[in-house]
>>> print(open('input-v1.tsv').read())   # TSV, C-alpha atoms
chain	number	residue	atom	x	y	z
A	132	MET	CA	0.00	0.00	0.00
A	133	LYS	CA	2.81	2.38	0.94
A	134	LYS	CA	4.53	1.58	-2.36
A	135	PHE	CA	1.33	2.35	-4.28
A	136	LEU	CA	0.89	5.70	-2.50
A	137	LEU	CA	4.50	6.62	-3.23
A	138	ILE	CA	4.06	5.85	-6.93
A	139	LEU	CA	0.79	7.81	-7.03
A	140	SER	CA	2.46	10.76	-5.34
A	141	LEU	CA	5.31	10.75	-7.86
A	142	VAL	CA	2.88	10.54	-10.77
A	143	LEU	CA	0.78	13.46	-9.48
A	144	THR	CA	3.89	15.52	-8.86
A	145	GLY	CA	5.04	14.89	-12.41
A	146	VAL	CA	1.65	15.86	-13.85
A	147	MET	CA	1.56	19.08	-11.82
A	148	ASN	CA	5.07	20.00	-12.89
A	149	ALA	CA	4.17	19.34	-16.53
A	150	VAL	CA	1.06	21.50	-16.33
A	151	ALA	CA	2.36	24.32	-14.13
A	152	GLN	CA	5.89	25.24	-15.15
A	153	GLU	CA	7.99	28.22	-14.24
A	154	ALA	CA	8.08	31.42	-16.25
A	155	THR	CA	11.44	33.06	-16.81
A	156	VAL	CA	12.26	36.75	-17.05
A	157	LYS	CA	13.73	37.58	-20.46
A	158	SER	CA	14.27	41.26	-19.77
A	159	PHE	CA	13.32	44.20	-17.60
A	160	GLU	CA	14.07	47.81	-18.48
A	161	ALA	CA	12.85	51.35	-18.17
A	162	ALA	CA	11.50	52.81	-21.42
A	163	PRO	CA	12.13	56.55	-21.12
A	164	MET	CA	11.00	57.22	-24.70
A	165	ASP	CA	7.68	55.46	-24.08
A	166	LEU	CA	5.33	58.18	-22.86
A	167	SER	CA	2.42	55.88	-21.99
A	168	ALA	CA	2.83	56.41	-18.23
A	169	LYS	CA	2.31	60.15	-18.76
A	170	LYS	CA	-0.29	60.03	-21.53
A	171	TYR	CA	-2.40	57.40	-19.78
A	172	SER	CA	-1.47	58.26	-16.20
A	173	ARG	CA	-3.07	57.02	-12.99
A	174	LEU	CA	-2.61	58.51	-9.53
A	175	ASP	CA	-1.80	56.62	-6.38
A	176	LEU	CA	-3.52	57.15	-3.01
A	177	HIS	CA	-1.35	60.20	-2.37
A	178	GLY	CA	-2.18	61.88	-5.68
A	179	ALA	CA	1.19	61.13	-7.29
A	180	LYS	CA	1.62	59.58	-10.75
A	181	CYS	CA	2.03	55.81	-10.80
A	182	ALA	CA	4.69	53.89	-12.63
A	183	LEU	CA	3.37	51.89	-15.60
A	184	LEU	CA	4.70	48.35	-15.94
A	185	LYS	CA	4.05	46.72	-19.30
A	186	VAL	CA	4.25	42.97	-18.80
A	187	ARG	CA	4.68	41.03	-22.04
A	188	VAL	CA	3.71	37.40	-21.75
A	189	VAL	CA	1.69	34.87	-23.72
A	190	ALA	CA	-0.22	32.77	-21.17
A	191	PRO	CA	-3.82	32.16	-20.09
A	192	GLY	CA	-5.27	33.62	-16.89
A	193	VAL	CA	-2.45	36.00	-15.98
A	194	THR	CA	-2.94	37.78	-12.63
A	195	PHE	CA	-0.95	40.30	-10.62
A	196	SER	CA	-0.82	40.77	-6.84
A	197	GLY	CA	0.72	43.59	-4.83
A	198	ASN	CA	0.37	47.37	-4.84
A	199	VAL	CA	-1.64	47.35	-8.06
A	200	MET	CA	-3.60	50.55	-8.61
A	201	GLY	CA	-6.91	49.94	-10.39
A	202	ASP	CA	-7.68	47.35	-13.02
A	203	VAL	CA	-4.98	45.79	-15.15
A	204	VAL	CA	-5.38	46.70	-18.84
A	205	LYS	CA	-4.78	43.92	-21.38
A	206	ARG	CA	-3.59	44.88	-24.85
A	207	SER	CA	-2.93	41.84	-27.03
A	208	SER	CA	-0.13	39.93	-25.22
A	209	GLU	CA	0.76	42.96	-23.10
A	210	TYR	CA	-0.61	43.79	-19.64
A	211	TRP	CA	-0.51	47.35	-18.30
A	212	VAL	CA	-0.02	47.28	-14.54
A	213	TYR	CA	-0.03	50.57	-12.61
A	214	LEU	CA	2.09	50.61	-9.44
A	215	PRO	CA	2.82	53.38	-6.90
A	216	LYS	CA	6.17	55.12	-6.85
A	217	GLY	CA	8.67	53.16	-4.79
A	218	THR	CA	7.21	49.71	-5.49
A	219	LYS	CA	9.90	47.05	-5.08
A	220	MET	CA	8.15	43.81	-6.01
A	221	LEU	CA	5.17	42.26	-7.81
A	222	GLN	CA	3.70	38.76	-7.74
A	223	ILE	CA	2.72	37.27	-11.10
A	224	ALA	CA	0.75	34.07	-11.71
A	225	ALA	CA	-1.03	32.31	-14.58
A	226	GLU	CA	-2.81	29.07	-15.33
A	227	SER	CA	0.22	27.78	-17.22
A	228	PHE	CA	3.03	28.70	-14.82
A	229	LEU	CA	3.65	28.81	-11.09
A	230	PRO	CA	3.24	32.09	-9.14
A	231	PHE	CA	6.49	33.92	-8.56
A	232	LEU	CA	7.58	37.14	-6.89
A	233	TYR	CA	9.59	39.50	-9.09
A	234	ASN	CA	11.88	41.93	-7.28
A	235	PHE	CA	12.61	45.07	-9.28
A	236	PRO	CA	16.31	46.00	-9.48
A	237	ASP	CA	15.45	49.46	-8.12
A	238	PRO	CA	12.24	50.97	-6.69
A	239	LEU	CA	9.93	52.12	-9.49
A	240	GLN	CA	9.67	55.82	-10.30
A	241	GLY	CA	6.36	57.56	-10.78
A	242	GLY	CA	5.42	58.63	-14.31
A	243	VAL	CA	7.91	56.23	-15.89
A	244	THR	CA	7.09	53.31	-18.21
A	245	TYR	CA	8.82	49.98	-17.62
A	246	VAL	CA	8.77	46.81	-19.73
A	247	LEU	CA	8.98	43.31	-18.24
A	248	THR	CA	9.14	40.46	-20.76
A	249	LEU	CA	8.45	36.89	-19.64
A	250	ALA	CA	9.11	33.64	-21.47
A	251	THR	CA	6.95	30.54	-21.00
A	252	PRO	CA	6.82	27.20	-22.85
A	253	GLN	CA	3.42	28.27	-24.23
A	254	SER	CA	4.77	31.56	-25.59
A	255	ASP	CA	7.68	29.76	-27.25
A	256	THR	CA	5.19	27.43	-28.97
A	257	LYS	CA	3.06	30.33	-30.17
A	258	SER	CA	6.02	32.24	-31.54
A	259	ASN	CA	6.75	29.32	-33.88
A	260	LYS	CA	3.15	28.88	-34.94
A	261	GLY	CA	3.54	30.74	-38.21
A	262	ASN	CA	6.55	28.78	-39.42
A	263	ALA	CA	4.42	25.97	-40.88
A	264	SER	CA	2.89	28.40	-43.36
A	265	ASN	CA	6.05	30.54	-43.68
A	266	VAL	CA	4.41	33.60	-42.15
A	267	PRO	CA	7.38	35.84	-41.20
A	268	VAL	CA	7.42	36.82	-37.52
A	269	PRO	CA	9.37	39.98	-36.63
A	270	GLY	CA	12.18	39.96	-34.11
A	271	GLU	CA	13.16	42.90	-31.93
A	272	PRO	CA	13.48	46.25	-33.74
A	273	LYS	CA	17.07	47.46	-34.01
A	274	THR	CA	16.54	50.84	-32.40
A	275	PRO	CA	13.16	51.13	-30.61
A	276	TYR	CA	11.84	54.67	-30.37
A	277	ASN	CA	14.79	56.07	-32.30
A	278	THR	CA	13.57	58.50	-34.95
A	279	PHE	CA	16.16	57.46	-37.49
A	280	GLY	CA	15.96	53.71	-36.96
A	281	THR	CA	17.71	51.50	-39.51
A	282	GLY	CA	17.77	53.86	-42.49
A	283	LEU	CA	14.88	51.98	-44.08
A	284	ILE	CA	11.39	53.43	-44.07
A	285	PHE	CA	10.21	50.44	-42.05
A	286	ASP	CA	12.46	48.28	-39.87
A	287	PRO	CA	11.92	44.72	-41.20
A	288	ALA	CA	13.21	43.17	-37.95
A	289	GLY	CA	14.44	40.09	-39.79
A	290	CYS	CA	11.41	39.76	-42.09
A	291	PRO	CA	11.51	39.80	-45.92
A	292	TYR	CA	11.55	43.23	-47.56
A	293	PHE	CA	12.82	45.14	-50.57
A	294	GLU	CA	12.99	48.82	-51.50
A	295	VAL	CA	13.42	51.16	-54.46
A	296	LYS	CA	14.68	54.73	-54.62
A	297	GLY	CA	13.56	57.46	-56.99
A	298	LYS	CA	17.13	58.62	-57.62
A	299	ASN	CA	18.09	55.18	-58.91
A	300	HIS	CA	16.69	55.69	-62.41
A	301	THR	CA	18.02	52.42	-63.82
A	302	GLN	CA	16.41	50.44	-61.02
A	303	MET	CA	13.11	52.25	-61.40
A	304	ARG	CA	13.02	51.77	-65.20
A	305	LYS	CA	13.76	48.05	-64.99
A	306	GLY	CA	11.55	47.55	-61.96
A	307	LYS	CA	12.40	45.43	-58.96
A	308	THR	CA	10.78	42.04	-58.31
A	309	PHE	CA	10.64	39.96	-55.16
A	310	ASP	CA	9.15	36.48	-54.68
A	311	ALA	CA	7.91	35.26	-51.30
A	312	LYS	CA	6.50	31.87	-50.36
A	313	ILE	CA	3.72	32.39	-47.79
A	314	TYR	CA	0.90	29.95	-46.90
A	315	GLY	CA	2.64	27.44	-49.17
A	316	LYS	CA	2.04	29.69	-52.19
A	317	THR	CA	4.37	31.97	-54.16
A	318	TYR	CA	3.45	35.66	-54.27
A	319	THR	CA	5.38	38.10	-56.45
A	320	PHE	CA	5.86	41.78	-55.56
A	321	VAL	CA	6.92	44.42	-58.08
A	322	MET	CA	7.87	48.10	-57.75
A	323	GLY	CA	9.21	50.56	-60.34
A	324	ASP	CA	8.24	52.82	-63.21
A	325	ASP	CA	5.06	52.03	-65.08
A	326	HIS	CA	4.65	52.69	-68.81
A	327	PRO	CA	4.22	55.05	-70.49
A	328	ASN	CA	4.25	57.00	-67.20
A	329	SER	CA	3.38	56.79	-63.46
A	330	THR	CA	4.70	54.35	-60.83
A	331	LYS	CA	3.67	50.80	-59.99
A	332	ALA	CA	3.59	48.73	-56.85
A	333	LEU	CA	1.95	45.35	-57.39
A	334	VAL	CA	1.36	42.01	-55.80
A	335	ILE	CA	0.94	39.17	-58.31
A	336	PHE	CA	-0.45	35.67	-57.85
A	337	ASP	CA	-1.20	33.08	-60.50
A	338	GLY	CA	-0.91	35.59	-63.32
A	339	HIS	CA	-3.23	38.16	-61.73
A	340	GLY	CA	-2.03	41.44	-60.23
A	341	GLN	CA	-3.39	43.87	-57.64
A	342	SER	CA	-2.08	47.39	-57.14
A	343	LEU	CA	-0.93	48.50	-53.69
A	344	PHE	CA	-1.71	52.10	-54.57
A	345	ILE	CA	-4.94	53.40	-53.08
A	346	PRO	CA	-6.59	56.84	-53.55
A	347	ARG	CA	-4.91	58.28	-50.48
A	348	ILE	CA	-1.39	57.85	-51.91
A	349	THR	CA	-0.68	61.11	-53.66
A	350	GLY	CA	0.28	61.54	-57.28
A	351	ALA	CA	0.03	57.88	-58.29
A	352	GLY	CA	-2.62	58.57	-60.85
A	353	VAL	CA	-5.21	59.57	-58.26
A	354	GLU	CA	-5.78	63.03	-56.79
A	355	THR	CA	-7.76	64.03	-53.73
A	356	GLU	CA	-8.65	67.45	-52.38
A	357	GLU	CA	-6.77	66.76	-49.15
A	358	THR	CA	-3.40	65.85	-50.62
A	359	GLU	CA	-0.57	67.16	-52.77
A	360	ASP	CA	2.12	65.44	-54.81
A	361	TYR	CA	4.54	64.71	-51.98
A	362	TYR	CA	6.07	61.64	-53.60
A	363	PHE	CA	5.50	61.83	-57.37
A	364	ASP	CA	6.24	64.30	-60.15
A	365	GLU	CA	3.76	65.57	-62.75
A	366	ALA	CA	4.21	62.43	-64.86
A	367	GLY	CA	3.54	60.21	-61.86
A	368	PHE	CA	7.12	59.00	-61.44
A	369	LEU	CA	8.69	58.69	-58.00
A	370	LYS	CA	10.60	61.88	-57.18
A	371	GLU	CA	14.38	61.90	-56.69
A	372	ASP	CA	14.02	62.06	-52.90
A	373	GLY	CA	11.29	59.41	-52.84
A	374	ARG	CA	11.61	55.86	-51.54
A	375	MET	CA	9.24	52.89	-51.52
A	376	GLN	CA	9.50	49.70	-49.52
A	377	ILE	CA	7.48	46.49	-49.19
A	378	THR	CA	7.83	44.49	-45.99
A	379	LEU	CA	6.18	41.14	-45.20
A	380	MET	CA	5.54	40.31	-41.55
A	381	ASP	CA	2.98	39.06	-39.07
A	382	VAL	CA	2.59	42.36	-37.23
A	383	ASP	CA	0.20	41.24	-34.49
A	384	ASN	CA	1.16	37.55	-34.11
A	385	ASP	CA	-2.12	36.15	-35.41
A	386	ASN	CA	-0.54	33.88	-38.04
A	387	ILE	CA	-1.70	36.20	-40.85
A	388	CYS	CA	0.91	37.89	-43.01
A	389	GLU	CA	0.65	41.66	-43.42
A	390	VAL	CA	2.01	43.46	-46.47
A	391	LEU	CA	3.43	46.83	-45.39
A	392	PHE	CA	3.76	49.21	-48.32
A	393	SER	CA	5.80	52.20	-47.17
A	394	ILE	CA	6.55	55.38	-49.03
A	395	ALA	CA	8.66	58.37	-47.97
A	396	SER	CA	9.80	61.80	-49.08
A	397	SER	CA	13.11	62.99	-47.61
A	398	ASN	CA	12.53	66.61	-48.63
A	399	MET	CA	9.03	66.75	-47.14
A	400	GLY	CA	9.97	64.73	-44.07
A	401	MET	CA	6.96	62.46	-44.52
A	402	MET	CA	6.50	58.71	-44.26
A	403	GLU	CA	3.41	56.58	-44.67
A	404	THR	CA	2.88	52.85	-44.39
A	405	TYR	CA	-0.18	51.27	-45.98
A	406	VAL	CA	-1.16	48.02	-44.30
A	407	PHE	CA	-2.70	45.09	-46.20
A	408	ARG	CA	-3.64	41.57	-45.14
A	409	LEU	CA	-2.19	38.98	-47.52
A	410	LEU	CA	-5.05	36.63	-48.38
A	411	GLU	CA	-4.37	32.95	-47.85
A	412	HIS	CA	-6.89	32.06	-50.58
A	413	PRO	CA	-6.50	34.74	-53.28
A	414	TYR	CA	-8.87	34.82	-56.23
A	415	LYS	CA	-7.86	36.58	-59.44
A	416	ASP	CA	-6.98	40.20	-58.54
A	417	ASN	CA	-8.27	39.90	-54.98
A	418	ILE	CA	-4.89	39.09	-53.38
A	419	VAL	CA	-4.58	41.54	-50.49
A	420	LYS	CA	-7.05	43.41	-48.31
A	421	TYR	CA	-6.35	47.03	-47.35
A	422	VAL	CA	-6.85	47.72	-43.63
A	423	GLY	CA	-5.37	51.17	-42.96
A	424	CYS	CA	-2.45	53.57	-42.88
A	425	ALA	CA	0.23	54.65	-40.38
A	426	GLU	CA	1.77	58.13	-40.67
A	427	GLY	CA	5.00	59.52	-39.27
A	428	GLN	CA	8.20	61.42	-39.95
A	429	GLY	CA	10.79	58.88	-38.81
A	430	ASN	CA	11.60	55.30	-39.64
A	431	MET	CA	8.76	53.05	-38.46
A	432	PHE	CA	8.95	49.72	-36.68
A	433	VAL	CA	6.82	47.12	-34.91
A	434	TYR	CA	7.03	46.91	-31.12
A	435	ASP	CA	5.05	44.15	-29.43
A	436	GLY	CA	2.43	44.01	-32.15
A	437	HIS	CA	2.05	47.79	-32.42
A	438	ILE	CA	3.24	49.91	-35.34
A	439	ILE	CA	5.33	52.80	-34.02
A	440	ALA	CA	5.65	55.86	-36.28
A	441	PRO	CA	8.01	58.49	-34.77
A	442	PHE	CA	7.58	62.18	-35.50
A	443	GLY	CA	9.37	65.37	-34.50
A	444	SER	CA	12.61	65.53	-32.53
A	445	GLN	CA	11.24	65.06	-29.00
A	446	GLY	CA	10.95	61.28	-29.05
A	447	LEU	CA	7.23	61.32	-29.79
A	448	ALA	CA	5.51	58.70	-31.91
A	449	ASN	CA	2.13	57.70	-33.23
A	450	GLU	CA	1.15	54.21	-32.12
A	451	TYR	CA	-1.16	52.00	-34.17
A	452	ILE	CA	-2.79	48.62	-33.57
A	453	LEU	CA	-4.47	46.17	-35.93
A	454	THR	CA	-7.97	45.29	-34.74
A	455	LYS	CA	-9.77	41.98	-35.15
A	456	ASP	CA	-12.18	43.60	-37.61
A	457	ASP	CA	-9.27	44.52	-39.91
A	458	ARG	CA	-8.67	48.18	-39.14
A	459	VAL	CA	-5.54	50.15	-38.31
A	460	VAL	CA	-6.36	52.30	-35.27
A	461	ASP	CA	-4.28	55.14	-33.84
A	462	ILE	CA	-4.11	54.75	-30.06
A	463	SER	CA	-1.57	57.51	-29.46
A	464	GLY	CA	-4.01	59.83	-27.72
A	465	PHE	CA	-2.42	62.99	-29.12
>>> encode(input="input-v1.tsv", output="structure tokens")
Amino acid sequence: MKKFLLILSLVLTGVMNAVAQEATVKSFEAAPMDLSAKKYSRLDLHGAKCALLKVRVVAPGVTFSGNVMGDVVKRSSEYWVYLPKGTKMLQIAAESFLPFLYNFPDPLQGGVTYVLTLATPQSDTKSNKGNASNVPVPGEPKTPYNTFGTGLIFDPAGCPYFEVKGKNHTQMRKGKTFDAKIYGKTYTFVMGDDHPNSTKALVIFDGHGQSLFIPRITGAGVETEETEDYYFDEAGFLKEDGRMQITLMDVDNDNICEVLFSIASSNMGMMETYVFRLLEHPYKDNIVKYVGCAEGQGNMFVYDGHIIAPFGSQGLANEYILTKDDRVVDISGF
């Protein structure tokens, strides 16, 4: 009987350890260029601004215990936890990992945003989910919240991309082509001069093409009352200071590939990224679905599923999310 109980105890212990494993801290840092703690501030019981801790973790049933002020806000795989100035520790638990007490290296400062990133076996599994269908998942941006980023319009963060420049006349005349295998299918992307005039940016599948230009993009054969020819000359060709870039990545980690068509004017100090969903089952010229636009003045990047579009010289940025109903929404609050 004692032997049976011992075996049962060992089995139950093994099951519990398999189900409830430990989370590990990948990183913790202050994010001085992230103004969320000031823009979306909360006050503690003494009327002082709280610190904002952004906890990034993919796990079910995440909870926080300690000096938490108000409700925790969940944004995709990020949890916004408000804590009073001087907080030294926080307990974190979830259905998939054991509770643990995290001790901050230094007491938190009020009005400052911090980022705590956790790794769990579940999050590692999810991060590889898109590989079966070759959906490119972005890594960490090279220079988060740096206005001048990587020199590209959009930081690809390890994902497929290509660009063209208006001053490279030979490249524009010949056109530049890029093939990508996504969802087990081959999609072809083309940018360059069109004939007899204007500029083209296309996605092609099975002999059918769809333009990435929409009415809002200025000078590409379509005019609106609200816009001017920032990027194109009178003939519709990309200006000398103009650049275009196509980037393929799963922006919001939903196993759907986004096509990011970016265009910039160095002289005007303008950048725009038009976001499309790449359709897994394209039909004729219905290959991508337009969902919205991000605007800025500095090189854009993706940070935890959000598109960051810096502007000005004070470290400010517009912040965009992709919603479940296929819209790009500005959540900057400016």
>>> residues_near_point(input="input-v1.tsv", point="(-0.5, 47.0, -18.2)", cutoff="12 Å", atoms="all atoms listed in the file", output="PyMOL selection string")
chain A and resi 167-168+171-173+181-188+193-195+199-214+244-248
>>> closest_residue(input="input-v1.tsv", among="A:Met380, A:Ala311, A:Ala288, A:Ala395", to="Arg408 of chain A", atoms="only C-alpha atoms")
A:Met380
>>> residues_around(input="input-v1.tsv", residues="Asp457 of chain A", least_positions_apart="2", cutoff="9 Å", atoms="all atoms listed in the file", output="VMD selection string")
chain A and resid 408 420 to 423 453 to 455 459
>>> atom_distance(input="input-v1.tsv", atom1="atom CA of Lys312 of chain A", atom2="atom CA of Asp383 of chain A")
19.5 Å
>>> atom_distance(input="input-v1.tsv", atom1="atom CA of Glu403 of chain A", atom2="atom CA of Gly436 of chain A")
17.8 Å
>>> decode(input="input-v1.tsv", residues="segment 207-218 of chain A", atoms="N, CA and C atoms", output="short mmCIF file (atom, residue, chain, number, x, y, z; two decimals), in the first residue's frame")
data_model
loop_
_atom_site.label_atom_id
_atom_site.label_comp_id
_atom_site.auth_asym_id
_atom_site.auth_seq_id
_atom_site.Cartn_x
_atom_site.Cartn_y
_atom_site.Cartn_z
N SER A 207 -3.52 42.97 -26.33
CA SER A 207 -2.93 41.84 -27.03
C SER A 207 -2.20 40.97 -26.00
N SER A 208 -0.89 40.74 -26.17
CA SER A 208 -0.13 39.93 -25.22
C SER A 208 0.62 40.80 -24.22
N GLU A 209 0.12 42.03 -24.02
CA GLU A 209 0.76 42.96 -23.10
C GLU A 209 -0.23 43.39 -22.03
N TYR A 210 0.22 43.40 -20.78
CA TYR A 210 -0.61 43.79 -19.64
C TYR A 210 -0.04 45.09 -19.05
N TRP A 211 -0.92 46.09 -18.89
CA TRP A 211 -0.51 47.35 -18.30
C TRP A 211 -0.86 47.32 -16.81
N VAL A 212 0.16 47.36 -15.98
CA VAL A 212 -0.02 47.28 -14.54
C VAL A 212 0.48 48.59 -13.93
N TYR A 213 -0.40 49.30 -13.23
CA TYR A 213 -0.03 50.57 -12.61
C TYR A 213 0.37 50.32 -11.16
N LEU A 214 1.54 50.83 -10.77
CA LEU A 214 2.09 50.61 -9.44
C LEU A 214 2.57 51.93 -8.84
N PRO A 215 2.40 52.13 -7.53
CA PRO A 215 2.82 53.38 -6.90
C PRO A 215 4.34 53.56 -6.97
N LYS A 216 4.75 54.80 -6.92
CA LYS A 216 6.17 55.12 -6.85
C LYS A 216 6.80 54.41 -5.66
N GLY A 217 7.98 53.85 -5.86
CA GLY A 217 8.67 53.16 -4.79
C GLY A 217 8.40 51.68 -4.68
N THR A 218 7.51 51.15 -5.54
CA THR A 218 7.21 49.71 -5.49
C THR A 218 8.48 48.90 -5.77
#
